[in-house]
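Trainee: Structure file target.cif, mmCIF, C-alpha atoms, is pasted below:
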```cif
data_query
loop_
_atom_site.label_atom_id
_atom_site.label_comp_id
_atom_site.auth_asym_id
_atom_site.auth_seq_id
_atom_site.Cartn_x
_atom_site.Cartn_y
_atom_site.Cartn_z
CA MET A 1 111.05 113.58 110.37
CA LYS A 2 111.17 110.46 108.22
CA ILE A 3 109.28 110.32 104.95
CA ALA A 4 108.84 107.27 102.74
CA ILE A 5 108.76 107.71 98.99
CA THR A 6 107.82 104.97 96.53
CA ALA A 7 110.62 104.58 94.00
CA LYS A 8 111.90 102.55 91.08
CA GLY A 9 115.43 102.59 92.54
CA LYS A 10 117.29 102.99 95.80
CA GLU A 11 118.70 106.52 95.51
CA LEU A 12 117.49 110.10 95.83
CA GLY A 13 117.89 110.43 92.05
CA SER A 14 115.52 107.51 91.39
CA ASP A 15 112.18 107.97 89.65
CA ILE A 16 109.00 107.91 91.73
CA ASP A 17 107.08 104.64 91.38
CA PRO A 18 103.42 105.61 90.95
CA ARG A 19 102.25 102.46 92.76
CA PHE A 20 102.29 102.13 96.53
CA GLY A 21 101.62 98.49 97.41
CA ARG A 22 103.54 97.15 94.44
CA CYS A 23 106.34 99.69 94.12
CA GLY A 24 109.88 98.39 93.77
CA TYR A 25 111.41 100.27 96.68
CA PHE A 26 110.74 102.64 99.52
CA VAL A 27 113.31 105.39 99.90
CA ILE A 28 113.17 106.57 103.50
CA VAL A 29 114.54 110.09 103.96
CA ASP A 30 115.18 111.94 107.22
CA THR A 31 114.19 115.48 106.24
CA GLU A 32 116.45 117.04 108.88
CA THR A 33 119.70 115.19 108.05
CA MET A 34 118.88 114.03 104.50
CA GLU A 35 120.07 110.56 105.57
CA VAL A 36 118.69 107.99 103.13
CA GLU A 37 117.73 104.37 103.69
CA ALA A 38 116.35 102.22 100.87
CA MET A 39 114.09 99.23 101.42
CA THR A 40 112.98 96.65 98.90
CA ASN A 41 109.19 96.37 98.95
CA GLU A 42 108.73 92.76 100.01
CA SER A 43 104.98 92.89 99.29
CA ALA A 44 105.38 93.89 95.63
CA MET A 45 104.80 90.35 94.40
CA ALA A 46 102.18 89.34 96.98
CA SER A 47 99.13 87.59 95.56
CA GLY A 48 96.91 89.80 97.72
CA GLY A 49 97.09 92.33 100.52
CA ALA A 50 100.10 94.17 99.07
CA GLY A 51 98.87 97.61 100.18
CA PRO A 52 98.32 96.79 103.85
CA GLN A 53 101.59 94.82 103.95
CA ALA A 54 103.46 97.77 102.42
CA ALA A 55 101.80 100.12 104.93
CA GLN A 56 103.07 97.95 107.76
CA ALA A 57 106.62 98.03 106.34
CA VAL A 58 106.55 101.84 106.01
CA SER A 59 105.25 102.15 109.56
CA LYS A 60 107.95 99.83 110.93
CA ALA A 61 110.57 101.96 109.18
CA GLY A 62 109.40 104.90 111.28
CA ALA A 63 107.99 107.00 108.43
CA GLU A 64 105.48 109.66 109.38
CA VAL A 65 104.69 110.64 105.79
CA LEU A 66 104.24 108.65 102.57
CA ILE A 67 104.76 110.24 99.14
CA THR A 68 103.59 108.19 96.16
CA GLY A 69 101.67 108.36 92.90
CA ASN A 70 98.52 106.54 93.95
CA VAL A 71 97.15 104.60 96.89
CA GLY A 72 94.26 102.16 96.99
CA PRO A 73 91.49 101.85 99.59
CA ASN A 74 92.98 99.08 101.75
CA ALA A 75 96.41 100.71 101.82
CA HIS A 76 94.88 104.13 102.56
CA GLN A 77 92.97 102.69 105.50
CA ALA A 78 96.08 100.91 106.86
CA LEU A 79 98.24 104.02 106.50
CA GLU A 80 95.67 106.20 108.23
CA ALA A 81 95.37 103.66 111.06
CA ALA A 82 99.15 103.85 111.50
CA GLY A 83 98.98 107.66 111.65
CA ILE A 84 100.96 108.15 108.45
CA GLU A 85 100.23 111.24 106.37
CA ILE A 86 99.49 110.27 102.75
CA ILE A 87 100.52 112.42 99.78
CA THR A 88 99.67 111.22 96.27
CA GLY A 89 99.91 112.54 92.73
CA SER A 90 103.70 112.55 92.83
CA SER A 91 105.95 111.96 89.85
CA GLY A 92 109.51 112.79 88.82
CA LYS A 93 112.54 112.19 91.03
CA VAL A 94 112.59 111.25 94.71
CA VAL A 95 114.85 114.19 95.58
CA ASP A 96 112.43 116.65 93.96
CA MET A 97 109.53 115.37 96.06
CA VAL A 98 111.62 115.66 99.24
CA GLU A 99 112.38 119.30 98.43
CA LYS A 100 108.74 120.04 97.61
CA TYR A 101 107.68 118.45 100.89
CA LYS A 102 110.22 120.47 102.86
CA LYS A 103 108.94 123.69 101.21
CA GLY A 104 105.33 122.82 102.12
CA GLU A 105 104.28 122.44 98.49
CA LEU A 106 102.59 119.03 98.91
CA SER A 107 99.27 118.35 100.60
CA ASN A 108 97.58 115.44 102.31
CA THR A 109 95.36 113.07 100.32
CA PRO A 110 92.10 112.48 102.22
CA ALA A 111 90.85 109.47 100.19
CA PRO A 112 92.15 106.60 98.02
CA THR A 113 93.10 107.62 94.49
CA VAL A 114 92.64 104.25 92.75
CA GLY A 115 90.49 101.16 93.24
CA SER A 116 91.53 97.88 94.79
CA HIS A 117 94.19 95.90 92.93
CA ALA A 118 95.04 98.83 90.66
CA GLY A 119 98.81 98.24 90.76
CA MET A 120 98.70 94.60 89.64
CA ASN A 121 100.24 93.83 86.27
#
```
Would you write out, as structure tokens, the structure that this file holds?
Mentor:
Amino acid sequence: MKIAITAKGKELGSDIDPRFGRCGYFVIVDTETMEVEAMTNESAMASGGAGPQAAQAVSKAGAEVLITGNVGPNAHQALEAAGIEIITGSSGKVVDMVEKYKKGELSNTPAPTVGSHAGMN
């Protein structure tokens, strides 16, 4: 299974980026092989619609699960529509979240955790 994790860098040892739509990178991890693919988040600097655009990128990458710090309402709706499980409240290192996910220690987030435009600087 492929999971997407919002990150500040491109490696398993990178810190989690607490933002979804405006994170720096998505680290895509195959939980069976631990193969890693990093993607720059092209929507990070978008003037609007960053969350739905990021959701589309994660979906195109084949991720079935998203692990992040927070997710806004438009992104949450787009991720749910794509059938992607959403897990929020994450912090620390990417590799730690992968291990927690594999052990069943993380749970689905049923609703947005921040308001619209929360990740904008």
Trainee: Could you state the separation of atom CA of A:Gly69 and atom CA of A:Ile86 in Å, given to one decimal place?
Mentor: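 According to the coordinates, atom CA of A:Gly69 and atom CA of A:Ile86 are separated by 10.3 Å.
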Trainee: List as a PDB file with C-alpha atoms, in the coordinates of the input the residues having at least one atom at most 7 Å from position (101.6, 105.8, 110.9) as given in the file, counting all atoms listed in the file.
Mentor:
```pdb
ATOM      1  CA  SER A  59     105.250 102.150 109.560  1.00  0.00           C
ATOM      2  CA  ALA A  63     107.990 107.000 108.430  1.00  0.00           C
ATOM      3  CA  GLU A  64     105.480 109.660 109.380  1.00  0.00           C
ATOM      4  CA  LEU A  79      98.240 104.020 106.500  1.00  0.00           C
ATOM      5  CA  GLU A  80      95.670 106.200 108.230  1.00  0.00           C
ATOM      6  CA  ALA A  81      95.370 103.660 111.060  1.00  0.00           C
ATOM      7  CA  ALA A  82      99.150 103.850 111.500  1.00  0.00           C
ATOM      8  CA  GLY A  83      98.980 107.660 111.650  1.00  0.00           C
ATOM      9  CA  ILE A  84     100.960 108.150 108.450  1.00  0.00           C
TER      10      ILE A  84
END
```
Trainee: Expanded to explicit residues, what is the PyMOL selection byres ((chain A and resi 26-36) around 10) for this file, as an NGL selection string?
Mentor: :A and (1-12 or 14 or 16-17 or 20 or 23-25 or 37-41 or 54 or 57-58 or 61-63 or 65-68 or 94-95 or 98-99 or 101-102)
Trainee: Would you please work out which residue, of A:Gln56, A:Val114, A:Met97, A:Ser90, is nearest to A:Ala78 when using all atoms listed in the file?
Mentor: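 Distance minimum relative to A:Ala78 lands on A:Gln56.
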Trainee: If you measure from atom CA of A:Ala75 to atom CA of A:Met45, what distance in Å do you get, rounded to one decimal?
Mentor: 15.3 Å
Trainee: If we count all atoms listed in the file, what is near A:Asn74 at a cut-off of 9 Å, once residues fewer than 5 positions away on the same chain are taken out, given as a list of chain:residue names?
Mentor: A:Gly49, A:Gly51, A:Pro52, A:Leu79, A:Pro112, A:Ser116
Trainee: Give me, as an MDAnalysis selection string, all polymer residues having an atom no more than 8 Å from A:Thr109, counting all atoms listed in the file and skipping those fewer than 6 positions away in the same chain.
Mentor: chainID A and resid 85:88
Trainee: What does stretch 26-42 of chain A look like written to a file with N, CA and C atoms, as a PDB file, in the first residue's frame?
Mentor:
```
ATOM      1  N   PHE A  26       5.808  15.746  -0.658  1.00  0.00           N
ATOM      2  CA  PHE A  26       5.088  14.537  -0.295  1.00  0.00           C
ATOM      3  C   PHE A  26       6.087  13.401  -0.408  1.00  0.00           C
ATOM      4  N   VAL A  27       6.265  12.660   0.666  1.00  0.00           N
ATOM      5  CA  VAL A  27       7.084  11.457   0.619  1.00  0.00           C
ATOM      6  C   VAL A  27       6.096  10.300   0.489  1.00  0.00           C
ATOM      7  N   ILE A  28       6.188   9.591  -0.630  1.00  0.00           N
ATOM      8  CA  ILE A  28       5.304   8.470  -0.906  1.00  0.00           C
ATOM      9  C   ILE A  28       6.056   7.189  -0.542  1.00  0.00           C
ATOM     10  N   VAL A  29       5.483   6.403   0.344  1.00  0.00           N
ATOM     11  CA  VAL A  29       6.144   5.194   0.835  1.00  0.00           C
ATOM     12  C   VAL A  29       5.262   3.979   0.551  1.00  0.00           C
ATOM     13  N   ASP A  30       5.843   2.968  -0.065  1.00  0.00           N
ATOM     14  CA  ASP A  30       5.175   1.678  -0.223  1.00  0.00           C
ATOM     15  C   ASP A  30       5.418   0.914   1.077  1.00  0.00           C
ATOM     16  N   THR A  31       4.376   0.659   1.832  1.00  0.00           N
ATOM     17  CA  THR A  31       4.541   0.058   3.163  1.00  0.00           C
ATOM     18  C   THR A  31       5.010  -1.390   3.103  1.00  0.00           C
ATOM     19  N   GLU A  32       4.873  -2.043   1.965  1.00  0.00           N
ATOM     20  CA  GLU A  32       5.316  -3.433   1.844  1.00  0.00           C
ATOM     21  C   GLU A  32       6.802  -3.532   1.511  1.00  0.00           C
ATOM     22  N   THR A  33       7.289  -2.640   0.636  1.00  0.00           N
ATOM     23  CA  THR A  33       8.687  -2.708   0.192  1.00  0.00           C
ATOM     24  C   THR A  33       9.556  -1.631   0.813  1.00  0.00           C
ATOM     25  N   MET A  34       8.915  -0.636   1.430  1.00  0.00           N
ATOM     26  CA  MET A  34       9.579   0.555   1.971  1.00  0.00           C
ATOM     27  C   MET A  34      10.278   1.367   0.871  1.00  0.00           C
ATOM     28  N   GLU A  35       9.865   1.175  -0.367  1.00  0.00           N
ATOM     29  CA  GLU A  35      10.358   2.001  -1.474  1.00  0.00           C
ATOM     30  C   GLU A  35       9.816   3.415  -1.284  1.00  0.00           C
ATOM     31  N   VAL A  36      10.677   4.400  -1.500  1.00  0.00           N
ATOM     32  CA  VAL A  36      10.333   5.799  -1.249  1.00  0.00           C
ATOM     33  C   VAL A  36      10.428   6.603  -2.535  1.00  0.00           C
ATOM     34  N   GLU A  37       9.426   7.442  -2.740  1.00  0.00           N
ATOM     35  CA  GLU A  37       9.421   8.391  -3.850  1.00  0.00           C
ATOM     36  C   GLU A  37       9.076   9.750  -3.245  1.00  0.00           C
ATOM     37  N   ALA A  38       9.831  10.769  -3.592  1.00  0.00           N
ATOM     38  CA  ALA A  38       9.541  12.115  -3.081  1.00  0.00           C
ATOM     39  C   ALA A  38       9.024  12.985  -4.213  1.00  0.00           C
ATOM     40  N   MET A  39       8.022  13.777  -3.913  1.00  0.00           N
ATOM     41  CA  MET A  39       7.436  14.699  -4.882  1.00  0.00           C
ATOM     42  C   MET A  39       7.417  16.098  -4.291  1.00  0.00           C
ATOM     43  N   THR A  40       7.848  17.064  -5.072  1.00  0.00           N
ATOM     44  CA  THR A  40       7.686  18.455  -4.675  1.00  0.00           C
ATOM     45  C   THR A  40       6.212  18.799  -4.772  1.00  0.00           C
ATOM     46  N   ASN A  41       5.684  19.500  -3.798  1.00  0.00           N
ATOM     47  CA  ASN A  41       4.287  19.921  -3.823  1.00  0.00           C
ATOM     48  C   ASN A  41       4.169  21.157  -4.708  1.00  0.00           C
ATOM     49  N   GLU A  42       3.722  20.944  -5.911  1.00  0.00           N
ATOM     50  CA  GLU A  42       3.606  22.031  -6.894  1.00  0.00           C
ATOM     51  C   GLU A  42       2.544  23.065  -6.509  1.00  0.00           C
TER      52      GLU A  42
END
```
